[in-house]
$ cat target_39.pdb   # PDB, C-alpha atoms
MODEL        1
ATOM      1  CA  MET A  23     -12.286  -7.598  28.174  1.00  0.00           C
ATOM      2  CA  PHE A  24     -14.224  -5.957  25.319  1.00  0.00           C
ATOM      3  CA  ARG A  25     -14.540  -8.134  22.264  1.00  0.00           C
ATOM      4  CA  PRO A  26     -16.186  -6.657  19.143  1.00  0.00           C
ATOM      5  CA  SER A  27     -19.157  -8.563  17.786  1.00  0.00           C
ATOM      6  CA  GLN A  28     -19.105 -10.435  14.485  1.00  0.00           C
ATOM      7  CA  PRO A  29     -21.236  -7.753  12.750  1.00  0.00           C
ATOM      8  CA  VAL A  30     -18.855  -5.008  13.920  1.00  0.00           C
ATOM      9  CA  LEU A  31     -15.808  -6.928  12.693  1.00  0.00           C
ATOM     10  CA  ASP A  32     -17.548  -7.635   9.374  1.00  0.00           C
ATOM     11  CA  THR A  33     -18.338  -3.929   8.983  1.00  0.00           C
ATOM     12  CA  VAL A  34     -14.773  -2.883   9.800  1.00  0.00           C
ATOM     13  CA  GLY A  35     -13.520  -5.455   7.300  1.00  0.00           C
ATOM     14  CA  THR A  36     -15.852  -4.072   4.654  1.00  0.00           C
ATOM     15  CA  VAL A  37     -14.549  -0.539   5.170  1.00  0.00           C
ATOM     16  CA  VAL A  38     -10.960  -1.845   5.025  1.00  0.00           C
ATOM     17  CA  ARG A  39     -11.670  -3.864   1.856  1.00  0.00           C
ATOM     18  CA  LEU A  40     -13.376  -0.969   0.074  1.00  0.00           C
ATOM     19  CA  GLY A  41     -10.659   1.465   1.161  1.00  0.00           C
ATOM     20  CA  LEU A  42      -7.892  -0.735  -0.199  1.00  0.00           C
ATOM     21  CA  ALA A  43      -9.926  -1.317  -3.374  1.00  0.00           C
ATOM     22  CA  ALA A  44     -10.161   2.461  -3.839  1.00  0.00           C
ATOM     23  CA  VAL A  45      -6.388   2.811  -3.448  1.00  0.00           C
ATOM     24  CA  TRP A  46      -5.714   0.264  -6.202  1.00  0.00           C
ATOM     25  CA  LEU A  47      -8.451   1.513  -8.507  1.00  0.00           C
ATOM     26  CA  VAL A  48      -7.302   5.141  -8.290  1.00  0.00           C
ATOM     27  CA  SER A  49      -3.619   4.297  -8.589  1.00  0.00           C
ATOM     28  CA  GLY A  50      -4.133   1.829 -11.430  1.00  0.00           C
ATOM     29  CA  THR A  51      -6.455   4.140 -13.358  1.00  0.00           C
ATOM     30  CA  ILE A  52      -4.031   7.066 -13.176  1.00  0.00           C
ATOM     31  CA  LYS A  53      -1.104   4.900 -14.297  1.00  0.00           C
ATOM     32  CA  PHE A  54      -3.136   3.210 -17.047  1.00  0.00           C
ATOM     33  CA  ALA A  55      -4.256   6.600 -18.398  1.00  0.00           C
ATOM     34  CA  ASP A  56      -0.653   7.816 -18.779  1.00  0.00           C
ATOM     35  CA  PRO A  57       1.565   4.873 -19.768  1.00  0.00           C
ATOM     36  CA  GLY A  58       4.449   7.132 -20.777  1.00  0.00           C
ATOM     37  CA  GLN A  59       4.639   8.663 -17.325  1.00  0.00           C
ATOM     38  CA  THR A  60       4.313   5.226 -15.734  1.00  0.00           C
ATOM     39  CA  TYR A  61       7.288   4.089 -17.808  1.00  0.00           C
ATOM     40  CA  LEU A  62       9.328   7.095 -16.614  1.00  0.00           C
ATOM     41  CA  ALA A  63       8.359   6.387 -12.993  1.00  0.00           C
ATOM     42  CA  VAL A  64       9.439   2.730 -13.246  1.00  0.00           C
ATOM     43  CA  LYS A  65      12.679   3.714 -14.988  1.00  0.00           C
ATOM     44  CA  ALA A  66      13.527   6.312 -12.322  1.00  0.00           C
ATOM     45  CA  TYR A  67      14.026   3.577  -9.703  1.00  0.00           C
ATOM     46  CA  GLU A  68      17.028   2.320 -11.701  1.00  0.00           C
ATOM     47  CA  LEU A  69      16.307  -1.283 -10.704  1.00  0.00           C
ATOM     48  CA  LEU A  70      15.288  -3.011 -13.909  1.00  0.00           C
ATOM     49  CA  PRO A  71      17.144  -3.710 -17.134  1.00  0.00           C
ATOM     50  CA  ASP A  72      15.821  -1.783 -20.132  1.00  0.00           C
ATOM     51  CA  GLY A  73      14.141  -4.898 -21.532  1.00  0.00           C
ATOM     52  CA  LEU A  74      11.858  -5.166 -18.487  1.00  0.00           C
ATOM     53  CA  LEU A  75      10.848  -1.514 -18.188  1.00  0.00           C
ATOM     54  CA  HIS A  76       7.981  -1.630 -20.707  1.00  0.00           C
ATOM     55  CA  PRO A  77       6.527  -4.951 -19.504  1.00  0.00           C
ATOM     56  CA  VAL A  78       6.571  -3.824 -15.868  1.00  0.00           C
ATOM     57  CA  ALA A  79       5.194  -0.367 -16.687  1.00  0.00           C
ATOM     58  CA  THR A  80       2.390  -2.036 -18.665  1.00  0.00           C
ATOM     59  CA  ALA A  81       1.620  -4.789 -16.143  1.00  0.00           C
ATOM     60  CA  LEU A  82       1.707  -2.634 -13.005  1.00  0.00           C
ATOM     61  CA  PRO A  83      -1.478  -0.616 -13.614  1.00  0.00           C
ATOM     62  CA  LEU A  84      -3.269  -3.749 -14.842  1.00  0.00           C
ATOM     63  CA  LEU A  85      -2.290  -5.609 -11.671  1.00  0.00           C
ATOM     64  CA  GLU A  86      -3.432  -2.704  -9.509  1.00  0.00           C
ATOM     65  CA  LEU A  87      -6.753  -2.528 -11.359  1.00  0.00           C
ATOM     66  CA  ALA A  88      -7.248  -6.290 -11.015  1.00  0.00           C
ATOM     67  CA  LEU A  89      -6.584  -6.140  -7.266  1.00  0.00           C
ATOM     68  CA  GLY A  90      -8.965  -3.186  -6.978  1.00  0.00           C
ATOM     69  CA  VAL A  91     -11.767  -4.962  -8.832  1.00  0.00           C
ATOM     70  CA  LEU A  92     -11.349  -8.162  -6.799  1.00  0.00           C
ATOM     71  CA  LEU A  93     -11.412  -6.210  -3.546  1.00  0.00           C
ATOM     72  CA  LEU A  94     -14.340  -4.061  -4.642  1.00  0.00           C
ATOM     73  CA  ALA A  95     -16.356  -7.177  -5.452  1.00  0.00           C
ATOM     74  CA  GLY A  96     -15.123  -9.044  -2.402  1.00  0.00           C
ATOM     75  CA  LEU A  97     -14.026 -11.903  -4.638  1.00  0.00           C
ATOM     76  CA  LEU A  98     -10.956 -13.904  -3.613  1.00  0.00           C
ATOM     77  CA  THR A  99     -10.510 -11.333  -0.865  1.00  0.00           C
ATOM     78  CA  ARG A 100      -7.721 -13.118   1.002  1.00  0.00           C
ATOM     79  CA  ALA A 101      -5.785 -13.798  -2.214  1.00  0.00           C
ATOM     80  CA  ALA A 102      -6.210 -10.165  -3.319  1.00  0.00           C
ATOM     81  CA  ALA A 103      -5.035  -9.027   0.115  1.00  0.00           C
ATOM     82  CA  ILE A 104      -1.957 -11.253  -0.126  1.00  0.00           C
ATOM     83  CA  GLY A 105      -1.247  -9.878  -3.611  1.00  0.00           C
ATOM     84  CA  SER A 106      -1.713  -6.369  -2.237  1.00  0.00           C
ATOM     85  CA  ALA A 107       0.683  -7.038   0.627  1.00  0.00           C
ATOM     86  CA  VAL A 108       3.351  -8.426  -1.705  1.00  0.00           C
ATOM     87  CA  LEU A 109       3.018  -5.439  -4.044  1.00  0.00           C
ATOM     88  CA  LEU A 110       3.131  -2.987  -1.150  1.00  0.00           C
ATOM     89  CA  VAL A 111       6.262  -4.613   0.295  1.00  0.00           C
ATOM     90  CA  LEU A 112       7.872  -4.270  -3.155  1.00  0.00           C
ATOM     91  CA  PHE A 113       6.818  -0.607  -3.305  1.00  0.00           C
ATOM     92  CA  ILE A 114       8.178   0.080   0.196  1.00  0.00           C
ATOM     93  CA  GLY A 115      11.440  -1.639  -0.734  1.00  0.00           C
ATOM     94  CA  GLY A 116      11.671   0.345  -3.963  1.00  0.00           C
ATOM     95  CA  VAL A 117      11.170   3.660  -2.214  1.00  0.00           C
ATOM     96  CA  ALA A 118      13.566   2.703   0.612  1.00  0.00           C
ATOM     97  CA  GLN A 119      16.328   1.694  -1.809  1.00  0.00           C
ATOM     98  CA  SER A 120      15.857   4.952  -3.740  1.00  0.00           C
ATOM     99  CA  TRP A 121      16.202   6.897  -0.516  1.00  0.00           C
ATOM    100  CA  ALA A 122      19.249   4.876   0.575  1.00  0.00           C
ATOM    101  CA  ARG A 123      20.935   5.342  -2.805  1.00  0.00           C
ATOM    102  CA  GLY A 124      20.330   9.102  -2.790  1.00  0.00           C
ATOM    103  CA  LEU A 125      18.070   9.094  -5.847  1.00  0.00           C
ATOM    104  CA  THR A 126      15.811  12.119  -6.130  1.00  0.00           C
ATOM    105  CA  ILE A 127      12.574  10.711  -7.499  1.00  0.00           C
ATOM    106  CA  ASP A 128       8.862  10.909  -6.927  1.00  0.00           C
ATOM    107  CA  CYS A 129       7.533   7.410  -6.290  1.00  0.00           C
ATOM    108  CA  GLY A 130       4.899   7.617  -9.025  1.00  0.00           C
ATOM    109  CA  CYS A 131       2.514   5.778  -6.736  1.00  0.00           C
ATOM    110  CA  PHE A 132      -0.488   7.859  -7.775  1.00  0.00           C
ATOM    111  CA  GLY A 133       0.699   9.115 -11.123  1.00  0.00           C
ATOM    112  CA  GLY A 134       3.625  11.294 -11.900  1.00  0.00           C
ATOM    113  CA  GLY A 135       6.936   9.834 -10.917  1.00  0.00           C
ATOM    114  CA  GLY A 136      10.417  10.237 -12.214  1.00  0.00           C
ATOM    115  CA  GLN A 137      13.162  12.644 -11.312  1.00  0.00           C
ATOM    116  CA  VAL A 138      12.489  15.568  -8.986  1.00  0.00           C
ATOM    117  CA  ALA A 139      14.670  18.369  -7.696  1.00  0.00           C
ATOM    118  CA  GLN A 140      16.935  17.806  -4.710  1.00  0.00           C
ATOM    119  CA  GLY A 141      14.889  18.281  -1.531  1.00  0.00           C
ATOM    120  CA  GLN A 142      11.574  17.526  -3.264  1.00  0.00           C
ATOM    121  CA  THR A 143      11.481  13.855  -2.314  1.00  0.00           C
ATOM    122  CA  GLN A 144       8.943  12.615   0.218  1.00  0.00           C
ATOM    123  CA  TYR A 145      10.328   9.196   1.040  1.00  0.00           C
ATOM    124  CA  PRO A 146       9.274   9.031   4.721  1.00  0.00           C
ATOM    125  CA  GLN A 147       5.687  10.014   3.897  1.00  0.00           C
ATOM    126  CA  GLU A 148       5.522   7.572   0.969  1.00  0.00           C
ATOM    127  CA  ILE A 149       6.826   4.707   3.102  1.00  0.00           C
ATOM    128  CA  ALA A 150       4.475   5.579   5.984  1.00  0.00           C
ATOM    129  CA  ARG A 151       1.496   5.723   3.626  1.00  0.00           C
ATOM    130  CA  ASP A 152       2.354   2.351   2.100  1.00  0.00           C
ATOM    131  CA  VAL A 153       2.862   0.817   5.545  1.00  0.00           C
ATOM    132  CA  GLY A 154      -0.650   2.037   6.392  1.00  0.00           C
ATOM    133  CA  PHE A 155      -1.997   0.339   3.257  1.00  0.00           C
ATOM    134  CA  LEU A 156      -0.023  -2.766   4.236  1.00  0.00           C
ATOM    135  CA  VAL A 157      -1.833  -2.789   7.588  1.00  0.00           C
ATOM    136  CA  LEU A 158      -5.154  -2.776   5.701  1.00  0.00           C
ATOM    137  CA  ALA A 159      -3.998  -5.707   3.566  1.00  0.00           C
ATOM    138  CA  GLY A 160      -2.854  -7.491   6.728  1.00  0.00           C
ATOM    139  CA  TRP A 161      -6.308  -7.101   8.276  1.00  0.00           C
ATOM    140  CA  LEU A 162      -7.871  -8.743   5.214  1.00  0.00           C
ATOM    141  CA  ILE A 163      -5.321 -11.550   5.183  1.00  0.00           C
ATOM    142  CA  VAL A 164      -6.109 -12.387   8.796  1.00  0.00           C
ATOM    143  CA  ARG A 165      -9.841 -11.714   8.562  1.00  0.00           C
ATOM    144  CA  SER A 166     -11.165 -11.729   5.010  1.00  0.00           C
ATOM    145  CA  ARG A 167     -14.841 -12.014   5.990  1.00  0.00           C
ATOM    146  CA  THR A 168     -16.657  -8.815   5.028  1.00  0.00           C
ATOM    147  CA  ARG A 169     -20.143  -7.640   4.164  1.00  0.00           C
ATOM    148  CA  LEU A 170     -21.422  -7.187   0.610  1.00  0.00           C
ATOM    149  CA  ALA A 171     -18.820  -9.592  -0.742  1.00  0.00           C
ATOM    150  CA  VAL A 172     -19.077 -12.228  -3.436  1.00  0.00           C
ATOM    151  CA  ASP A 173     -16.945 -14.463  -1.192  1.00  0.00           C
ATOM    152  CA  GLY A 174     -19.703 -14.412   1.425  1.00  0.00           C
ATOM    153  CA  TRP A 175     -22.403 -15.280  -1.090  1.00  0.00           C
ATOM    154  CA  LEU A 176     -20.320 -18.167  -2.407  1.00  0.00           C
ATOM    155  CA  ARG A 177     -19.494 -19.332   1.114  1.00  0.00           C
ATOM    156  CA  SER A 178     -23.138 -19.263   2.200  1.00  0.00           C
ATOM    157  CA  GLY A 179     -24.015 -21.498  -0.755  1.00  0.00           C
ATOM    158  CA  ARG A 180     -21.384 -24.071   0.252  1.00  0.00           C
ATOM    159  CA  GLU A 181     -22.312 -24.056   3.935  1.00  0.00           C
ATOM    160  CA  ARG A 182     -25.934 -25.100   3.419  1.00  0.00           C
ATOM    161  CA  PRO A 183     -26.600 -28.807   3.873  1.00  0.00           C
ATOM    162  CA  VAL A 184     -26.720 -30.784   0.635  1.00  0.00           C
ATOM    163  CA  ALA A 185     -30.352 -31.768   1.299  1.00  0.00           C
ATOM    164  CA  VAL A 186     -31.351 -28.084   1.452  1.00  0.00           C
ATOM    165  CA  GLN A 187     -29.489 -27.332  -1.770  1.00  0.00           C
ATOM    166  CA  GLU A 188     -31.217 -30.261  -3.474  1.00  0.00           C
ATOM    167  CA  ALA A 189     -34.645 -29.111  -2.247  1.00  0.00           C
ATOM    168  CA  GLU A 190     -34.002 -25.627  -3.666  1.00  0.00           C
ATOM    169  CA  ARG A 191     -33.381 -27.061  -7.130  1.00  0.00           C
ATOM    170  CA  ILE A 192     -36.795 -28.737  -7.218  1.00  0.00           C
TER     171      ILE A 192
ENDMDL
END
$ encode --input "target_39.pdb" --output "structure tokens"
Amino acid sequence: MFRPSQPVLDTVGTVVRLGLAAVWLVSGTIKFADPGQTYLAVKAYELLPDGLLHPVATALPLLELALGVLLLAGLLTRAAAIGSAVLLVLFIGGVAQSWARGLTIDCGCFGGGGQVAQGQTQYPQEIARDVGFLVLAGWLIVRSRTRLAVDGWLRSGRERPVAVQEAERI
């Protein structure tokens, strides 16, 4: 049976990590740049009381940007992947409930959002896309080791014998 080598798996993980980082950085940047539209997108889901709309609309792009930066740097990769997975499951649930309730909204996942005309929704595509992103997060949860990652540099420092670390300080 073919088993990919460690370098191949590390390279695949790096591509996955950087791809998911790009998703969060693009999405978060677009939402952060237009907070009014982000507010309308959050409100369109009709899930939150009015008092939570502004805090969620403000926090969402910041959370996405934080996840993107962590993944880009390869810092706390597994934790960022778990956070990504949780957020993606919430997004999938939000879109699915909108579809089930007959709401006609754009998800606002990459800007925009809010009410759209009947027949203009793209719920199946939005759910499929987010499931694909969830698969990427799942890869990083299971196998967070990647190339060009701060995690790897930190790990390599911990894995050296104490005597070697002491000798390097001299």
$ closest_residue --input "target_39.pdb" --among "A:Ile149, A:Val64, A:Ala81, A:Met23" --to "Gly115 in chain A" --atoms "all atoms listed in the file"
A:Ile149
$ residues_near_point --input "target_39.pdb" --point "(-2.7, -4.6, -7.9)" --cutoff "10 Å" --atoms "only C-alpha atoms" --output "ChimeraX atom specification"
/A:43,45-47,49-50,81-93,102-103,105-110
$ residues_around --input "target_39.pdb" --residues "Leu31 in chain A" --least-positions-apart "6" --cutoff "10 Å" --atoms "all atoms listed in the file" --output "ChimeraX atom specification"
/A:25,37,165,167-169
$ write_last_selection --input "target_39.pdb" --atoms "C-alpha atoms" --output "PDB file, keeping the file's coordinate frame"
ATOM      1  CA  ARG A  25     -14.540  -8.134  22.264  1.00  0.00           C
ATOM      2  CA  VAL A  37     -14.549  -0.539   5.170  1.00  0.00           C
ATOM      3  CA  ARG A 165      -9.841 -11.714   8.562  1.00  0.00           C
ATOM      4  CA  ARG A 167     -14.841 -12.014   5.990  1.00  0.00           C
ATOM      5  CA  THR A 168     -16.657  -8.815   5.028  1.00  0.00           C
ATOM      6  CA  ARG A 169     -20.143  -7.640   4.164  1.00  0.00           C
TER       7      ARG A 169
END
$ resolve_selection --input "target_39.pdb" --expression "the PyMOL selection byres ((chain A and resi 154) around 12)" --output "MDAnalysis selection string"
chainID A and resid 38 41:42 45 107 110:111 114 147:153 155:161
$ closest_residue --input "target_39.pdb" --among "A:Gln142, A:Thr33, A:Thr51, A:Gln59" --to "Ser166 in chain A" --atoms "all atoms listed in the file"
A:Thr33
$ resolve_selection --input "target_39.pdb" --expression "the PyMOL selection byres ((chain A and resi 121-130) around 10)" --output "VMD selection string"
chain A and resid 49 52 to 53 59 to 64 66 to 68 113 to 120 131 to 146 148 to 149
$ atom_distance --input "target_39.pdb" --atom1 "CA of Leu97 in chain A" --atom2 "CA of Leu162 in chain A"
12.0 Å
$ atom_distance --input "target_39.pdb" --atom1 "CA of Arg100 in chain A" --atom2 "CA of Val164 in chain A"
8.0 Å
$ atom_distance --input "target_39.pdb" --atom1 "CA of Phe24 in chain A" --atom2 "CA of Trp175 in chain A"
29.2 Å
$ closest_residue --input "target_39.pdb" --among "A:Asp32, A:Leu69, A:Ser178, A:Leu170" --to "Leu112 in chain A" --atoms "all atoms listed in the file"
A:Leu69
$ closest_residue --input "target_39.pdb" --among "A:Val30, A:Leu70, A:Leu40, A:Ala79" --to "Phe54 in chain A" --atoms "only C-alpha atoms"
A:Ala79
$ closest_residue --input "target_39.pdb" --among "A:Ile104, A:Thr80, A:Leu74, A:Pro26" --to "Asp56 in chain A" --atoms "all atoms listed in the file"
A:Thr80
